[in-house]
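Shown here: model18.cif, mmCIF, C-alpha atoms.
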data_data
#
loop_
_atom_site.label_atom_id
_atom_site.label_comp_id
_atom_site.auth_asym_id
_atom_site.auth_seq_id
_atom_site.Cartn_x
_atom_site.Cartn_y
_atom_site.Cartn_z
CA ALA A 38 0.00 0.00 0.00
CA GLN A 39 1.11 3.55 -0.54
CA THR A 40 0.17 6.84 1.06
CA VAL A 41 0.79 10.48 0.23
CA THR A 42 0.48 13.12 2.93
CA GLN A 43 0.10 16.83 2.42
CA SER A 44 -0.25 18.22 5.91
CA GLN A 45 -0.87 21.87 5.00
CA PRO A 46 -4.41 22.36 3.65
CA GLU A 47 -3.86 25.99 2.67
CA MET A 48 -1.02 28.36 1.92
CA SER A 49 -0.76 31.93 0.75
CA VAL A 50 2.04 33.74 -1.06
CA GLN A 51 2.63 37.29 -2.20
CA GLU A 52 2.90 37.77 -5.95
CA ALA A 53 6.55 37.55 -7.13
CA GLU A 54 7.62 35.76 -3.93
CA THR A 55 8.66 32.13 -3.49
CA VAL A 56 6.58 29.43 -1.81
CA THR A 57 7.29 25.80 -0.94
CA LEU A 58 4.59 23.15 -0.74
CA SER A 59 5.39 20.08 1.35
CA CYS A 60 4.64 16.42 0.73
CA THR A 61 5.68 13.17 2.33
CA TYR A 62 4.92 9.70 1.07
CA ASP A 63 5.27 6.07 1.93
CA THR A 64 5.57 3.12 -0.39
CA SER A 65 6.98 -0.38 -0.37
CA GLU A 66 7.75 -0.17 -4.07
CA SER A 67 11.39 0.08 -5.03
CA ASP A 68 10.81 2.18 -8.11
CA TYR A 69 8.25 4.89 -8.60
CA TYR A 70 7.57 8.36 -9.94
CA LEU A 71 6.39 11.42 -8.08
CA PHE A 72 4.36 14.23 -9.56
CA TRP A 73 2.85 17.55 -8.69
CA TYR A 74 -0.48 18.26 -10.36
CA LYS A 75 -2.28 21.60 -10.35
CA GLN A 76 -6.07 22.00 -10.39
CA PRO A 77 -7.16 25.64 -10.90
CA PRO A 78 -10.69 26.54 -9.79
CA SER A 79 -13.22 24.99 -12.17
CA ARG A 80 -10.47 24.02 -14.57
CA GLN A 81 -8.76 20.85 -15.59
CA MET A 82 -6.02 19.15 -13.66
CA ILE A 83 -2.63 19.63 -15.30
CA LEU A 84 0.79 18.16 -14.68
CA VAL A 85 3.28 20.60 -13.19
CA ILE A 86 6.40 18.52 -12.74
CA ARG A 87 7.56 14.89 -12.45
CA GLN A 88 10.44 13.22 -10.66
CA GLU A 89 11.81 9.76 -11.27
CA ALA A 90 12.74 8.21 -7.93
CA TYR A 91 15.93 6.61 -9.23
CA LYS A 92 17.27 10.00 -10.30
CA GLN A 93 19.08 11.97 -7.63
CA GLN A 94 18.91 15.22 -9.55
CA ASN A 95 15.90 17.35 -8.64
CA ALA A 96 13.52 18.12 -11.50
CA THR A 97 12.91 21.70 -12.61
CA GLU A 98 10.35 23.20 -14.99
CA ASN A 99 10.80 26.93 -15.45
CA ARG A 100 9.64 28.53 -12.17
CA PHE A 101 8.81 25.16 -10.60
CA SER A 102 11.37 22.94 -8.94
CA VAL A 103 11.28 20.07 -6.47
CA ASN A 104 13.34 19.03 -3.48
CA PHE A 105 13.33 15.24 -3.52
CA GLN A 106 14.71 13.53 -0.43
CA LYS A 107 14.33 9.81 -1.10
CA ALA A 108 15.57 8.57 2.27
CA ALA A 109 13.22 10.91 4.09
CA LYS A 110 10.42 10.17 1.60
CA SER A 111 9.88 13.85 1.14
CA PHE A 112 8.93 15.63 -2.09
CA SER A 113 8.37 19.39 -1.88
CA LEU A 114 7.49 21.81 -4.66
CA LYS A 115 9.03 25.26 -4.86
CA ILE A 116 7.33 27.94 -6.91
CA SER A 117 9.51 30.94 -7.65
CA ASP A 118 8.30 34.36 -8.75
CA SER A 119 4.70 33.43 -7.93
CA GLN A 120 2.06 34.66 -10.33
CA LEU A 121 -1.68 35.17 -9.92
CA GLY A 122 -2.25 32.26 -12.30
CA ASP A 123 -0.49 29.93 -9.88
CA ALA A 124 -3.50 30.08 -7.57
CA ALA A 125 -4.90 26.55 -7.53
CA MET A 126 -5.09 23.33 -5.59
CA TYR A 127 -1.85 21.38 -5.82
CA PHE A 128 -1.71 17.63 -5.49
CA CYS A 129 1.33 15.53 -4.71
CA VAL A 130 1.02 12.18 -6.50
CA LEU A 131 2.85 8.85 -6.37
CA GLN A 132 2.89 6.25 -9.12
CA PRO A 133 4.77 2.94 -8.93
CA THR A 134 6.45 1.68 -12.06
CA GLY A 135 5.22 -1.89 -11.67
CA ALA A 136 2.05 -3.57 -12.87
CA ASN A 137 -0.09 -1.78 -10.29
CA SER A 138 0.75 1.65 -11.62
CA LYS A 139 -2.27 3.56 -10.34
CA LEU A 140 -1.84 7.11 -9.11
CA THR A 141 -2.14 7.80 -5.39
CA PHE A 142 -3.01 11.42 -4.61
CA GLY A 143 -2.43 13.49 -1.50
CA LYS A 144 -5.36 15.51 -0.12
CA GLY A 145 -4.11 18.60 -1.86
CA ILE A 146 -3.15 22.09 -0.78
CA THR A 147 -4.96 25.25 -1.79
CA LEU A 148 -2.53 27.96 -2.77
CA SER A 149 -3.69 31.54 -2.95
CA VAL A 150 -1.59 34.34 -4.45
CA ARG A 151 -1.94 37.86 -3.07
CA PRO A 152 -1.52 40.71 -5.57
CA LYS B 140 -4.85 17.64 -30.69
CA ALA B 141 -8.14 17.77 -28.85
CA GLY B 142 -7.92 17.15 -25.12
CA VAL B 143 -9.75 14.65 -22.98
CA THR B 144 -13.49 15.22 -23.11
CA GLN B 145 -16.09 14.05 -20.64
CA THR B 146 -19.84 14.03 -21.01
CA PRO B 147 -22.05 15.11 -19.49
CA ARG B 148 -20.39 17.85 -17.48
CA TYR B 149 -23.15 17.98 -14.87
CA LEU B 150 -25.66 15.39 -13.80
CA ILE B 151 -28.35 15.24 -11.14
CA LYS B 152 -29.80 11.88 -10.15
CA THR B 153 -31.83 10.49 -7.27
CA ARG B 154 -30.94 7.65 -4.93
CA GLY B 155 -31.39 4.23 -6.42
CA GLN B 156 -30.97 5.33 -10.02
CA GLN B 157 -28.04 4.39 -12.20
CA VAL B 158 -25.80 6.64 -14.23
CA THR B 159 -23.35 6.31 -17.12
CA LEU B 160 -20.49 8.73 -17.65
CA SER B 161 -18.44 8.95 -20.82
CA CYS B 162 -14.81 9.79 -21.48
CA SER B 163 -13.11 10.32 -24.82
CA PRO B 164 -9.32 10.19 -24.56
CA ILE B 165 -6.78 12.12 -26.54
CA SER B 166 -6.39 10.64 -30.00
CA GLY B 167 -3.88 7.82 -29.93
CA HIS B 168 -4.09 7.25 -26.19
CA ARG B 169 -5.00 3.70 -25.24
CA SER B 170 -5.20 3.99 -21.47
CA VAL B 171 -8.10 5.58 -19.61
CA SER B 172 -8.25 5.89 -15.84
CA TRP B 173 -11.16 7.03 -13.71
CA TYR B 174 -11.01 8.90 -10.40
CA GLN B 175 -13.57 10.06 -7.86
CA GLN B 176 -12.94 13.44 -6.22
CA THR B 177 -14.79 14.45 -3.05
CA PRO B 178 -14.00 17.10 -0.43
CA GLY B 179 -13.73 14.48 2.30
CA GLN B 180 -11.84 11.66 0.59
CA GLY B 181 -9.91 13.64 -2.01
CA LEU B 182 -9.02 11.89 -5.24
CA GLN B 183 -9.43 8.15 -5.30
CA PHE B 184 -8.59 5.78 -8.11
CA LEU B 185 -11.51 3.80 -9.50
CA PHE B 186 -10.09 1.75 -12.35
CA GLU B 187 -7.93 1.81 -15.44
CA TYR B 188 -8.64 0.39 -18.87
CA PHE B 189 -6.07 -0.35 -21.52
CA SER B 190 -6.93 -1.78 -24.92
CA GLU B 191 -10.47 -2.66 -23.77
CA THR B 192 -9.24 -4.57 -20.70
CA GLN B 193 -9.42 -3.52 -17.09
CA ARG B 194 -5.82 -3.39 -15.96
CA ASN B 195 -6.09 -1.94 -12.45
CA LYS B 196 -8.90 -1.52 -9.99
CA GLY B 197 -9.32 0.57 -6.86
CA ASN B 198 -11.23 -0.21 -3.69
CA PHE B 199 -14.76 0.63 -4.74
CA PRO B 200 -17.86 -1.56 -4.47
CA GLY B 201 -19.14 -3.54 -7.41
CA ARG B 202 -21.77 -0.87 -8.08
CA PHE B 203 -18.98 0.96 -9.89
CA SER B 204 -18.09 -0.56 -13.23
CA GLY B 205 -16.58 0.49 -16.47
CA ARG B 206 -15.67 -0.54 -19.94
CA GLN B 207 -13.58 0.60 -22.85
CA PHE B 208 -14.43 0.41 -26.51
CA SER B 209 -12.20 -0.38 -29.46
CA ASN B 210 -11.77 3.34 -30.18
CA SER B 211 -10.46 3.77 -26.59
CA ARG B 212 -13.51 5.71 -25.44
CA SER B 213 -14.52 4.64 -21.97
CA GLU B 214 -17.70 4.62 -19.97
CA MET B 215 -18.20 4.38 -16.25
CA ASN B 216 -21.43 3.13 -14.74
CA VAL B 217 -22.70 3.49 -11.20
CA SER B 218 -25.76 1.49 -10.26
CA THR B 219 -28.08 1.96 -7.28
CA LEU B 220 -26.81 5.45 -6.56
CA GLU B 221 -26.22 6.53 -2.98
CA LEU B 222 -25.95 10.05 -1.58
CA GLY B 223 -22.24 9.44 -0.98
CA ASP B 224 -21.67 8.95 -4.69
CA SER B 225 -22.01 12.70 -5.20
CA ALA B 226 -18.62 13.73 -6.49
CA LEU B 227 -16.57 15.03 -9.36
CA TYR B 228 -15.60 12.11 -11.58
CA LEU B 229 -12.42 12.64 -13.52
CA CYS B 230 -10.99 10.58 -16.29
CA ALA B 231 -7.42 10.71 -17.50
CA SER B 232 -5.83 9.32 -20.60
CA SER B 233 -2.29 8.39 -21.43
CA SER B 234 -0.64 6.65 -24.32
CA THR B 235 0.39 3.56 -22.36
CA GLY B 236 -0.83 4.08 -18.80
CA GLY B 237 2.54 3.45 -17.23
CA VAL B 238 4.84 6.05 -15.69
CA GLN B 239 6.55 6.54 -19.03
CA SER B 240 3.57 8.49 -20.31
CA SER B 241 1.94 11.35 -18.47
CA GLN B 242 -1.75 11.34 -17.69
CA PHE B 243 -3.94 14.07 -19.15
CA PHE B 244 -7.14 14.83 -17.30
CA GLY B 245 -10.56 15.78 -18.56
CA PRO B 246 -12.73 18.54 -17.03
CA GLY B 247 -14.77 16.03 -15.06
CA THR B 248 -18.42 15.18 -14.63
CA ARG B 249 -20.02 16.58 -11.52
CA LEU B 250 -22.60 14.11 -10.25
CA THR B 251 -25.13 15.16 -7.63
CA VAL B 252 -27.27 12.47 -6.01
CA LEU B 253 -30.42 13.70 -4.28
#

Give the structure from this file in structure tokens form.
Amino acid sequence: AQTVTQSQPEMSVQEAETVTLSCTYDTSESDYYLFWYKQPPSRQMILVIRQEAYKQQNATENRFSVNFQKAAKSFSLKISDSQLGDAAMYFCVLQPTGANSKLTFGKGITLSVRP
Amino acid sequence: KAGVTQTPRYLIKTRGQQVTLSCSPISGHRSVSWYQQTPGQGLQFLFEYFSETQRNKGNFPGRFSGRQFSNSRSEMNVSTLELGDSALYLCASSSTGGVQSSQFFGPGTRLTVL
């Protein structure tokens, strides 16, 4: 079984500032991927960034980067230069690479951006 | 390329009825997964279909079923609706369903059970 925990239900950030969203997970799988998905209000869920667990290098996508600590089972998302369009619910997601490759979502965190 | 489409977008049913939701994946994608999203439980995996076969299944009762057609379109059926089935139902498609291919989500069908 696998679990994903996002302990902060809400966060707020000033426009142009940096914010970090936390996530911890647990899995017995030896190989897996981790993702951050974004769900804006009344809009479709979109993939923000992905991290392959066997890679030590942290993934980056423009203003989005992750801090992946495999031993600690921690996977945080850093958003730099926050923009109003970053306001959304963010989900931390785990997917094993094996046959049972279903996605396991955290509860999500609502990020608001103050102008 | 057109994105993932789901129909209908909104649905109101009463307890005991059954409902069928439809999902059309991105052209060329062979995997379709279904998720239930509620404020209390968050996002929970229902099942995944790949090439017309159910490949993975979540922990939902047998009232929840699905199928996939040869054109990769998928339907999800819920029989004997209960109030707790009120939720946003999301489908996601990917080319293979594994971690090698990202999942693309549809806008969802919001089901309200009265």

Kindly assemble as a Markdown table a list of the chain B residues that lie within 12 Å of range 41-53 of chain A, each paired with its nearest atom pair and their distance in Å to one decimal, using all atoms listed in the file, sorted first by chain and then by ascending residue number.
| residue | atom | partner | partner_atom | distance |
| --- | --- | --- | --- | --- |
| B:Pro178 | CA | A:Pro46 | CA | 11.7 |
| B:Gly181 | CA | A:Val41 | CA | 11.4 |
| B:Leu182 | CA | A:Val41 | CA | 11.3 |
| B:Gln183 | CA | A:Val41 | CA | 11.9 |

### Message
Can you spell out as number ranges by chain the set of residues that the PyMOL selection byres ((chain A) within 12 of (chain B)) selects in the structure I just provided?
### Response
A: 38, 40-43, 46, 68-90, 126-146

### Query
Neighbours of range 109-115 of chain A within 6 Å (all atoms listed in the file; same-chain residues fewer than 4 positions away dropped), as a PyMOL selection string?
chain A and resi 56-62+101-105

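CA of Ser170 in chain B is positioned 28.1 Å from CA of Glu221 in chain B.
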
### Task
Could you expand the PyMOL selection byres ((chain A and resi 117) around 6) into the explicit residues it covers here, written as a ChimeraX atom specification?
/A:55,100,116,118-119

### Explicit residues for the PyMOL selection byres ((chain B and resi 146-156) around 8) (as a PyMOL selection string)
chain B and resi 144-145+157-158+160-162+218-222+246-253

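Relative to CA of Gln39 in chain A, CA of Pro200 in chain B is found at 20.0 Å.
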
### Message
Can you measure CA of Gln175 in chain B to CA of Ser213 in chain B for me? One decimal in Å is fine.
### Response
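Separating CA of Gln175 in chain B from CA of Ser213 in chain B is a distance of 15.1 Å.
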
### Residues within 10 Å of (-13.9, -2.2, -19.2), file coords, all atoms listed in the file, listed as a list in words
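With a cut-off of 10 Å, the residues come to Val171, Phe186, Glu187, Tyr188, Phe189, Ser190, Glu191, Thr192, Gln193, Arg194, Ser204, Gly205, Arg206, Gln207, Phe208, Ser213, Glu214 and Met215 of chain B.
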